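entry.cif (mmCIF, C-alpha atoms)
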data_model
loop_
_atom_site.label_atom_id
_atom_site.label_comp_id
_atom_site.auth_asym_id
_atom_site.auth_seq_id
_atom_site.Cartn_x
_atom_site.Cartn_y
_atom_site.Cartn_z
CA MET A 1 -9.16 165.20 162.88
CA SER A 2 -7.61 167.72 160.56
CA PRO A 3 -3.87 168.34 160.58
CA PRO A 4 -2.77 171.37 162.55
CA ASN A 5 -1.50 173.19 159.46
CA GLY A 6 -4.61 172.48 157.36
CA PRO A 7 -6.12 175.99 157.27
CA LYS A 8 -2.74 177.56 156.60
CA SER A 9 -2.04 175.22 153.69
CA LEU A 10 -5.49 175.93 152.28
CA TRP A 11 -4.81 179.66 152.33
CA LEU A 12 -1.50 179.12 150.52
CA VAL A 13 -3.24 177.14 147.82
CA LEU A 14 -5.86 179.83 147.40
CA LEU A 15 -3.25 182.60 147.22
CA PHE A 16 -1.28 180.65 144.65
CA GLY A 17 -4.40 180.08 142.56
CA MET A 18 -5.27 183.75 142.69
CA GLY A 19 -1.77 184.65 141.57
CA VAL A 20 -2.02 182.25 138.64
CA MET A 21 -5.41 183.64 137.67
CA ALA A 22 -4.08 187.21 137.91
CA LYS A 23 -1.20 186.34 135.66
CA ASN A 24 -3.52 184.67 133.17
CA LEU A 25 -5.80 187.70 133.20
CA ASN A 26 -2.76 189.96 132.41
CA CYS A 27 -1.45 187.68 129.69
CA PRO A 28 -2.05 189.12 126.19
CA ALA A 29 -4.48 187.37 123.92
CA LYS A 30 -2.96 184.66 121.71
CA CYS A 31 0.16 184.63 123.89
CA THR A 32 1.42 182.20 126.49
CA CYS A 33 2.74 183.44 129.78
CA GLN A 34 5.03 181.68 132.18
CA TYR A 35 7.08 182.97 135.07
CA LEU A 36 8.51 186.35 133.89
CA GLU A 37 8.11 185.28 130.23
CA VAL A 38 5.60 186.19 127.53
CA ASN A 39 5.69 184.30 124.24
CA CYS A 40 3.62 185.52 121.28
CA THR A 41 5.46 183.71 118.50
CA GLY A 42 3.63 183.22 115.20
CA GLN A 43 0.27 184.66 116.24
CA GLN A 44 -0.10 187.02 113.27
CA LEU A 45 -0.19 190.03 115.59
CA GLN A 46 -0.61 193.35 113.81
CA ASP A 47 0.16 195.54 116.83
CA PHE A 48 2.35 195.42 119.89
CA PRO A 49 0.41 193.72 122.74
CA THR A 50 -0.54 196.16 125.48
CA THR A 51 -1.46 193.85 128.39
CA ILE A 52 1.99 192.46 129.07
CA PRO A 53 2.77 192.02 132.80
CA LEU A 54 5.07 194.77 133.99
CA ASP A 55 7.52 192.36 135.62
CA THR A 56 8.18 190.49 132.38
CA ARG A 57 11.85 189.69 131.81
CA GLN A 58 11.60 187.83 128.50
CA LEU A 59 9.33 188.93 125.65
CA ILE A 60 9.15 186.98 122.37
CA LEU A 61 7.22 188.59 119.51
CA ALA A 62 8.82 186.64 116.66
CA THR A 63 7.10 185.84 113.35
CA ASN A 64 4.28 188.37 113.42
CA ASN A 65 3.24 191.40 111.38
CA ILE A 66 4.14 194.11 113.89
CA SER A 67 5.31 197.27 112.10
CA TYR A 68 5.81 199.59 115.05
CA LEU A 69 7.23 199.40 118.58
CA PRO A 70 5.40 201.96 120.76
CA SER A 71 7.88 203.61 123.07
CA VAL A 72 5.37 204.25 125.88
CA GLU A 73 4.09 200.69 126.23
CA LEU A 74 7.51 199.19 125.66
CA ASN A 75 9.22 201.35 128.25
CA PHE A 76 6.79 200.26 130.97
CA LEU A 77 8.70 196.96 130.83
CA SER A 78 11.74 198.34 132.61
CA ASP A 79 12.82 194.87 133.87
CA LEU A 80 13.04 193.42 130.37
CA VAL A 81 16.33 191.65 129.63
CA TYR A 82 15.39 189.65 126.49
CA LEU A 83 13.43 190.99 123.52
CA ASP A 84 12.93 188.96 120.35
CA CYS A 85 11.22 190.83 117.49
CA ARG A 86 12.61 188.90 114.53
CA GLU A 87 10.54 188.23 111.42
CA ASN A 88 8.18 191.18 111.65
CA ALA A 89 7.57 194.25 109.50
CA ILE A 90 9.18 196.88 111.74
CA SER A 91 10.14 199.81 109.55
CA GLU A 92 9.34 202.86 111.63
CA ASP A 93 12.04 205.00 113.19
CA LEU A 94 13.27 203.37 116.41
CA ASP A 95 14.88 206.49 117.85
CA PHE A 96 14.05 206.75 121.57
CA ALA A 97 12.04 203.50 121.42
CA PHE A 98 14.12 201.86 124.18
CA ILE A 99 14.54 204.74 126.63
CA SER A 100 13.84 202.82 129.86
CA LEU A 101 15.20 199.41 128.86
CA ASN A 102 18.63 199.85 130.43
CA LYS A 103 18.60 196.23 131.65
CA LEU A 104 18.10 194.75 128.19
CA ILE A 105 20.84 192.28 127.27
CA TYR A 106 19.50 190.55 124.16
CA LEU A 107 17.77 192.29 121.23
CA ASP A 108 16.85 190.61 117.95
CA LEU A 109 15.48 192.84 115.18
CA SER A 110 16.51 190.64 112.27
CA PHE A 111 14.22 189.98 109.28
CA ASN A 112 12.51 193.38 109.44
CA ASN A 113 12.47 196.52 107.31
CA LEU A 114 14.84 198.81 109.20
CA THR A 115 16.36 201.55 107.05
CA ARG A 116 18.94 203.25 109.26
CA VAL A 117 20.59 203.19 112.67
CA THR A 118 21.48 206.42 114.47
CA PHE A 119 23.06 207.32 117.78
CA THR A 120 19.67 207.59 119.48
CA THR A 121 18.43 204.19 118.27
CA PHE A 122 20.28 202.06 120.86
CA SER A 123 21.99 204.71 123.00
CA GLN A 124 19.92 203.89 126.12
CA LEU A 125 20.71 200.17 125.99
CA SER A 126 23.85 200.43 128.08
CA SER A 127 23.74 196.75 129.13
CA LEU A 128 23.23 195.33 125.65
CA VAL A 129 25.38 192.26 124.89
CA VAL A 130 23.77 190.73 121.78
CA LEU A 131 22.31 192.78 118.90
CA LYS A 132 20.99 191.18 115.73
CA ILE A 133 19.89 193.46 112.89
CA SER A 134 20.68 191.09 110.02
CA ASN A 135 18.36 190.42 107.08
CA ASN A 136 17.12 193.99 106.87
CA PRO A 137 17.53 194.53 103.12
CA ASN A 138 16.62 198.23 103.34
CA LEU A 139 19.20 199.02 106.03
CA MET A 140 21.48 201.36 104.09
CA GLU A 141 23.25 203.32 106.80
CA ILE A 142 24.70 202.95 110.28
CA GLU A 143 25.84 206.35 111.46
CA LYS A 144 29.07 206.99 113.29
CA ASP A 145 28.88 206.55 117.07
CA SER A 146 25.66 204.54 116.73
CA PHE A 147 27.00 202.06 119.32
CA ALA A 148 29.02 204.53 121.39
CA ASN A 149 27.03 203.75 124.56
CA ASN A 150 26.88 199.99 123.96
CA THR A 151 30.31 199.22 125.37
CA TRP A 152 29.21 195.77 126.64
CA LEU A 153 28.23 194.64 123.17
CA ARG A 154 29.85 191.29 122.36
CA HIS A 155 27.87 189.96 119.39
CA LEU A 156 26.75 192.19 116.52
CA ASP A 157 25.22 190.88 113.31
CA VAL A 158 24.64 193.13 110.26
CA SER A 159 24.69 190.36 107.65
CA ARG A 160 22.44 190.39 104.57
CA THR A 161 21.51 194.07 104.73
CA GLY A 162 21.74 196.92 102.25
CA LEU A 163 25.04 198.16 103.71
CA THR A 164 27.86 198.90 101.27
CA PHE A 165 30.15 200.70 103.71
CA LEU A 166 30.84 200.54 107.43
CA ASP A 167 32.96 203.18 109.12
CA THR A 168 35.75 201.73 111.24
CA SER A 169 34.89 203.96 114.20
CA ILE A 170 31.48 202.25 114.51
CA VAL A 171 33.01 198.98 115.73
CA LYS A 172 36.55 199.98 116.66
CA ASP A 173 35.48 201.55 119.96
CA LEU A 174 33.59 198.45 121.19
CA PRO A 175 36.11 196.98 123.66
CA ASN A 176 34.15 193.77 124.33
CA LEU A 177 33.18 192.92 120.75
CA LYS A 178 33.92 189.25 120.00
CA SER A 179 31.75 188.44 116.96
CA LEU A 180 30.71 190.58 113.99
CA GLY A 181 28.50 189.26 111.18
CA LEU A 182 29.20 190.89 107.80
CA SER A 183 28.34 188.19 105.26
CA GLU A 184 26.39 188.64 102.02
CA ASN A 185 26.47 192.41 101.94
CA LEU A 186 27.26 194.38 98.77
CA TRP A 187 30.50 195.85 100.10
CA ASN A 188 32.08 198.65 98.06
CA CYS A 189 35.81 198.01 98.45
CA ASN A 190 37.16 201.42 97.44
CA CYS A 191 40.01 203.31 99.10
CA SER A 192 37.68 204.50 101.89
CA PHE A 193 37.30 200.86 102.94
CA LEU A 194 41.04 200.32 103.48
CA ASP A 195 40.94 201.25 107.18
CA PHE A 196 38.13 198.78 107.82
CA THR A 197 39.98 195.91 106.15
CA LEU A 198 43.06 196.72 108.23
CA TRP A 199 40.94 196.64 111.38
CA MET A 200 39.50 193.25 110.38
CA LYS A 201 43.01 191.79 110.18
CA GLU A 202 44.24 193.27 113.44
CA SER A 203 41.20 193.32 115.73
CA GLY A 204 41.01 189.63 116.70
CA VAL A 205 37.22 189.71 116.28
CA ARG A 206 35.56 186.56 114.91
CA PHE A 207 33.65 186.92 111.62
CA PRO A 208 31.05 184.17 111.11
CA ASP A 209 30.60 182.83 107.57
CA PRO A 210 33.89 184.38 106.34
CA GLU A 211 33.70 182.82 102.86
CA ASN A 212 30.67 185.01 102.11
CA ILE A 213 32.28 188.26 103.23
CA SER A 214 33.48 189.62 99.91
CA CYS A 215 33.60 192.72 97.76
CA TYR A 216 30.83 193.51 95.32
CA SER A 217 32.36 196.60 93.73
CA PRO A 218 34.41 197.90 91.99
CA ALA A 219 34.35 195.36 89.18
CA ALA A 220 38.12 194.73 89.42
CA LEU A 221 37.71 193.52 93.02
CA HIS A 222 34.39 191.73 92.67
CA GLY A 223 34.45 188.48 94.63
CA TRP A 224 37.62 189.24 96.60
CA SER A 225 37.30 188.22 100.24
CA MET A 226 37.46 191.05 102.72
CA PRO A 227 40.67 190.15 104.59
CA GLU A 228 42.56 189.36 101.39
CA VAL A 229 41.58 192.56 99.61
CA GLU A 230 43.53 194.63 102.15
CA SER A 231 46.88 194.13 100.38
CA LYS A 232 45.33 195.01 97.01
CA LEU A 233 43.76 198.17 98.41
CA HIS A 234 47.02 199.11 100.12
CA TYR A 235 48.87 198.93 96.81
CA THR A 236 46.14 200.62 94.78
CA CYS A 237 45.39 203.45 97.21
CA LEU A 238 48.78 204.17 98.76
CA LEU A 239 51.50 203.03 96.34
CA HIS A 240 50.08 202.92 92.82
CA LEU A 241 49.49 206.11 90.85
CA HIS A 242 46.73 206.41 88.28
CA ASP A 243 46.60 208.68 85.22
CA THR A 244 44.64 211.26 87.17
CA ASP A 245 47.34 211.25 89.86
CA TYR A 246 50.04 211.96 87.26
CA ALA A 247 47.92 214.71 85.75
CA PHE A 248 47.42 216.24 89.19
CA LEU A 249 51.15 216.10 89.95
CA GLY A 250 51.91 217.64 86.55
CA LEU A 251 49.47 220.46 87.22
CA ILE A 252 51.06 221.13 90.60
CA GLY A 253 54.53 221.18 89.00
CA PHE A 254 53.39 223.60 86.31
CA CYS A 255 51.85 225.90 88.92
CA ILE A 256 55.04 225.85 90.98
CA PHE A 257 57.17 226.55 87.89
CA SER A 258 54.91 229.41 86.79
CA ALA A 259 54.87 230.92 90.25
CA GLY A 260 58.67 230.68 90.45
CA THR A 261 59.07 232.32 87.03
CA VAL A 262 56.76 235.20 87.91
CA ALA A 263 58.47 235.68 91.26
CA ALA A 264 61.92 235.75 89.63
CA TRP A 265 60.71 238.29 87.04
CA LEU A 266 59.25 240.54 89.72
CA ALA A 267 62.44 240.28 91.78
CA GLY A 268 64.52 241.20 88.69
CA MET A 269 62.31 244.19 87.96
CA CYS A 270 62.65 245.39 91.54
CA VAL A 271 66.44 245.14 91.33
CA VAL A 272 66.56 247.03 88.03
CA VAL A 273 64.33 249.81 89.32
CA TYR A 274 66.36 250.05 92.50
CA GLU A 275 69.67 250.22 90.61
CA PHE A 276 68.25 252.83 88.25
CA HIS A 277 67.19 255.14 91.06
CA ALA A 278 70.39 254.50 93.01
CA THR A 279 72.54 255.37 89.96
CA LYS A 280 70.48 258.44 89.14
CA GLY A 281 70.80 259.68 92.69
CA GLY A 282 74.57 259.21 92.59
CA ASN A 283 74.88 261.13 89.32
CA ASP A 284 72.85 264.02 90.75
CA GLU A 285 75.16 264.16 93.77
CA ASP A 286 78.24 264.11 91.52
CA GLU A 287 76.84 266.95 89.41
CA ASP A 288 76.16 269.01 92.53
CA GLU A 289 79.69 268.38 93.76
CA ASP A 290 81.16 269.39 90.38
CA GLU A 291 79.15 272.60 90.36
CA GLU A 292 80.30 273.49 93.88
CA ARG A 293 83.89 272.71 92.95
CA LEU A 294 83.63 274.89 89.79
CA ILE A 295 82.34 277.84 91.77
CA LEU A 296 85.15 277.54 94.28
CA ASP A 297 87.77 277.31 91.52
CA VAL A 298 86.74 280.58 89.74
CA PRO A 299 89.03 283.55 90.86
CA PHE A 300 87.26 286.34 92.65
CA SER A 301 87.36 289.74 90.76
CA TRP A 302 86.47 293.15 91.82
CA SER A 303 83.95 294.99 89.77
CA PRO A 304 84.19 298.68 89.47
CA TRP A 305 80.47 298.80 89.13
CA ALA A 306 79.90 296.80 92.28
CA PHE A 307 82.56 298.67 94.22
CA PRO A 308 82.81 302.19 92.78
CA LEU A 309 84.73 303.38 95.77
CA SER A 310 87.40 300.68 95.75
CA PRO A 311 90.66 302.02 97.19
CA PHE A 312 92.71 299.88 94.82
CA PRO A 313 91.43 300.62 91.33
CA ASP A 314 94.81 300.23 89.78
CA GLU A 315 95.68 296.80 91.22
CA ILE A 316 92.48 295.06 90.12
CA LEU A 317 92.05 293.85 86.57
CA VAL A 318 88.50 293.61 85.50
CA THR A 319 87.75 291.76 82.33
CA GLN A 320 84.50 291.36 80.58
CA ASN A 321 84.97 287.59 80.25
CA THR A 322 85.53 287.01 83.96
CA THR A 323 82.45 289.03 84.87
CA ALA A 324 80.38 287.14 82.33
CA GLY A 325 81.63 283.83 83.70
CA ILE A 326 80.62 284.72 87.25
CA LEU A 327 77.22 285.89 86.12
CA LEU A 328 76.67 282.59 84.29
CA LEU A 329 77.57 280.65 87.41
#
Let's see the structure in the file written out as structure tokens.
Amino acid sequence: MSPPNGPKSLWLVLLFGMGVMAKNLNCPAKCTCQYLEVNCTGQQLQDFPTTIPLDTRQLILATNNISYLPSVELNFLSDLVYLDCRENAISEDLDFAFISLNKLIYLDLSFNNLTRVTFTTFSQLSSLVVLKISNNPNLMEIEKDSFANNTWLRHLDVSRTGLTFLDTSIVKDLPNLKSLGLSENLWNCNCSFLDFTLWMKESGVRFPDPENISCYSPAALHGWSMPEVESKLHYTCLLHLHDTDYAFLGLIGFCIFSAGTVAAWLAGMCVVVYEFHATKGGNDEDEDEDEERLILDVPFSWSPWAFPLSPFPDEILVTQNTTAGILLL
């Protein structure tokens, strides 16, 4: 006599077996698949596997020869939270490669051939907590605001890359950052790096392998550790003046002196010209007043020629000199 739940149990076993077979059929070749996990480590894969189950949460592609992450196939895995692509040959531009992976928490791209990081590289990974891009010797640039949308980022590793400079704004605006790997990079500790060294001292962020975080150039600071070089840069860049600084200050002083001399000369010329015209105008007015006064002072004489019918010919003395004087005036 069979147990009452026999047929039901048999159906459950069959359904479970079909599910396992379906998962095995969807599992990429050379990979192992478990519940929500696909592991393709060390299988010498040349291309990104295309038969990954869509509900995969953890994808491990470490130690292969993959050179390109196709955005279409990768973004079908919208539930992915863990992606390990270390030790591959990824060198292609990753802009917009992770558009739909807004649940991704862990991303490892170390030991690849990345060359640059831009704003669009990781901008869609709003839930990202751990990002490893170390051991990319050709990584020469991380643009400003590259991690502006990764505000949950806690662990960032850029060690052993081709970076020589890192703008402070790149990491300063990450409120949850706890660990930043910077070791064994060829840091150029010039005056532009002063703000970053100040941030390192004041941020409270942990820097793994601190003894290997040092300056490579200039030669005078070669081998100085990053936190300690801050005081030297502060003195060199803000307090100490070089020969070029003195020459620049001297040039500015000469320009100011020359400008002041020319301005004083022009002002003096204006004053002289003004005084000259003012004095000349005053003299002309004085001459006019003297002429008017002279005319008024000359006695009026009657001329027998002008007034032939004068009723007082005997009382008026007409002289030739007086008439000539009036005519001249």
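Comparing A:Glu73, A:Cys189, A:Phe248, A:Pro208 by their smallest distance to Ala220 of chain A, the closest is A:Cys189 (using all atoms listed in the file).
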Picked residues, the PyMOL selection byres ((chain A and resi 70) around 12), as an mmCIF file with C-alpha atoms, in the frame of the given file:
data_model
loop_
_atom_site.group_PDB
_atom_site.id
_atom_site.type_symbol
_atom_site.label_atom_id
_atom_site.label_comp_id
_atom_site.auth_asym_id
_atom_site.auth_seq_id
_atom_site.Cartn_x
_atom_site.Cartn_y
_atom_site.Cartn_z
ATOM 1 C CA ASP A 47 0.160 195.540 116.830
ATOM 2 C CA PHE A 48 2.350 195.420 119.890
ATOM 3 C CA PRO A 49 0.410 193.720 122.740
ATOM 4 C CA THR A 50 -0.540 196.160 125.480
ATOM 5 C CA ILE A 66 4.140 194.110 113.890
ATOM 6 C CA SER A 67 5.310 197.270 112.100
ATOM 7 C CA TYR A 68 5.810 199.590 115.050
ATOM 8 C CA LEU A 69 7.230 199.400 118.580
ATOM 9 C CA SER A 71 7.880 203.610 123.070
ATOM 10 C CA VAL A 72 5.370 204.250 125.880
ATOM 11 C CA GLU A 73 4.090 200.690 126.230
ATOM 12 C CA LEU A 74 7.510 199.190 125.660
ATOM 13 C CA ASN A 75 9.220 201.350 128.250
ATOM 14 C CA PHE A 76 6.790 200.260 130.970
ATOM 15 C CA LEU A 77 8.700 196.960 130.830
ATOM 16 C CA ILE A 90 9.180 196.880 111.740
ATOM 17 C CA GLU A 92 9.340 202.860 111.630
ATOM 18 C CA ASP A 93 12.040 205.000 113.190
ATOM 19 C CA LEU A 94 13.270 203.370 116.410
ATOM 20 C CA ASP A 95 14.880 206.490 117.850
ATOM 21 C CA PHE A 96 14.050 206.750 121.570
ATOM 22 C CA ALA A 97 12.040 203.500 121.420
ATOM 23 C CA PHE A 98 14.120 201.860 124.180
ATOM 24 C CA ILE A 99 14.540 204.740 126.630
#
Segment 150-194 of chain A residues near segment 109-125 of chain A within 9 Å, closest pair each, using all atoms listed in the file, as CSV:
residue,atom,partner,partner_atom,distance
A:Asn150,CA,A:Leu125,CA,6.5
A:Asp157,CA,A:Ser110,CA,8.8
A:Val158,CA,A:Ser110,CA,8.7
A:Gly162,CA,A:Thr115,CA,8.6
- Query: Which polymer residues have any atom within 12 Å of an atom of Ser203 of chain A, counting only C-alpha atoms, with same-chain residues fewer than 4 positions away left out, as a ChimeraX atom specification?
  - Reply: /A:168,171-180,195-199,207,227
Expanded to explicit residues, what is the PyMOL selection byres ((chain A and resi 107) around 10) for this file, as an mmCIF file with C-alpha atoms, in the frame of the given file?
data_model
loop_
_atom_site.group_PDB
_atom_site.id
_atom_site.type_symbol
_atom_site.label_atom_id
_atom_site.label_comp_id
_atom_site.auth_asym_id
_atom_site.auth_seq_id
_atom_site.Cartn_x
_atom_site.Cartn_y
_atom_site.Cartn_z
ATOM 1 C CA VAL A 81 16.330 191.650 129.630
ATOM 2 C CA TYR A 82 15.390 189.650 126.490
ATOM 3 C CA LEU A 83 13.430 190.990 123.520
ATOM 4 C CA ASP A 84 12.930 188.960 120.350
ATOM 5 C CA CYS A 85 11.220 190.830 117.490
ATOM 6 C CA ARG A 86 12.610 188.900 114.530
ATOM 7 C CA LEU A 104 18.100 194.750 128.190
ATOM 8 C CA ILE A 105 20.840 192.280 127.270
ATOM 9 C CA TYR A 106 19.500 190.550 124.160
ATOM 10 C CA ASP A 108 16.850 190.610 117.950
ATOM 11 C CA LEU A 109 15.480 192.840 115.180
ATOM 12 C CA SER A 110 16.510 190.640 112.270
ATOM 13 C CA LEU A 125 20.710 200.170 125.990
ATOM 14 C CA LEU A 128 23.230 195.330 125.650
ATOM 15 C CA VAL A 129 25.380 192.260 124.890
ATOM 16 C CA VAL A 130 23.770 190.730 121.780
ATOM 17 C CA LEU A 131 22.310 192.780 118.900
ATOM 18 C CA LYS A 132 20.990 191.180 115.730
ATOM 19 C CA ILE A 133 19.890 193.460 112.890
#
- Task: Grab the atom CA of Ser100 of chain A to atom CA of Ser127 of chain A distance for me, in Å with one decimal place.
- Result: 11.6 Å
- the PyMOL selection byres ((chain A and resi 191) around 12) resolved against shown file, as a list in words: Phe165, Asn188, Cys189, Asn190, Ser192, Phe193, Leu194, Asp195, Phe196, Thr197, Leu198, Ser217, Pro218, Leu221, Val229, Glu230, Ser231, Lys232, Leu233, His234, Tyr235, Thr236, Cys237, Leu238, Leu239 and His240 of chain A
- One decimal, Å: what's the distance from atom CA of Lys201 of chain A over to atom CA of Ser126 of chain A, could you say?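 The value is 27.6 Å.
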- Task: Give me, please, the distance in Å between atom CA of Leu186 of chain A and atom CA of Ser214 of chain A, quoted to one decimal.
- Result: 7.9 Å
- Item | Distance query 8 Å from (-2.7, 187.8, 113.0) using all atoms listed in the file, result as an NGL selection string | :A and (43-46 or 64-65)
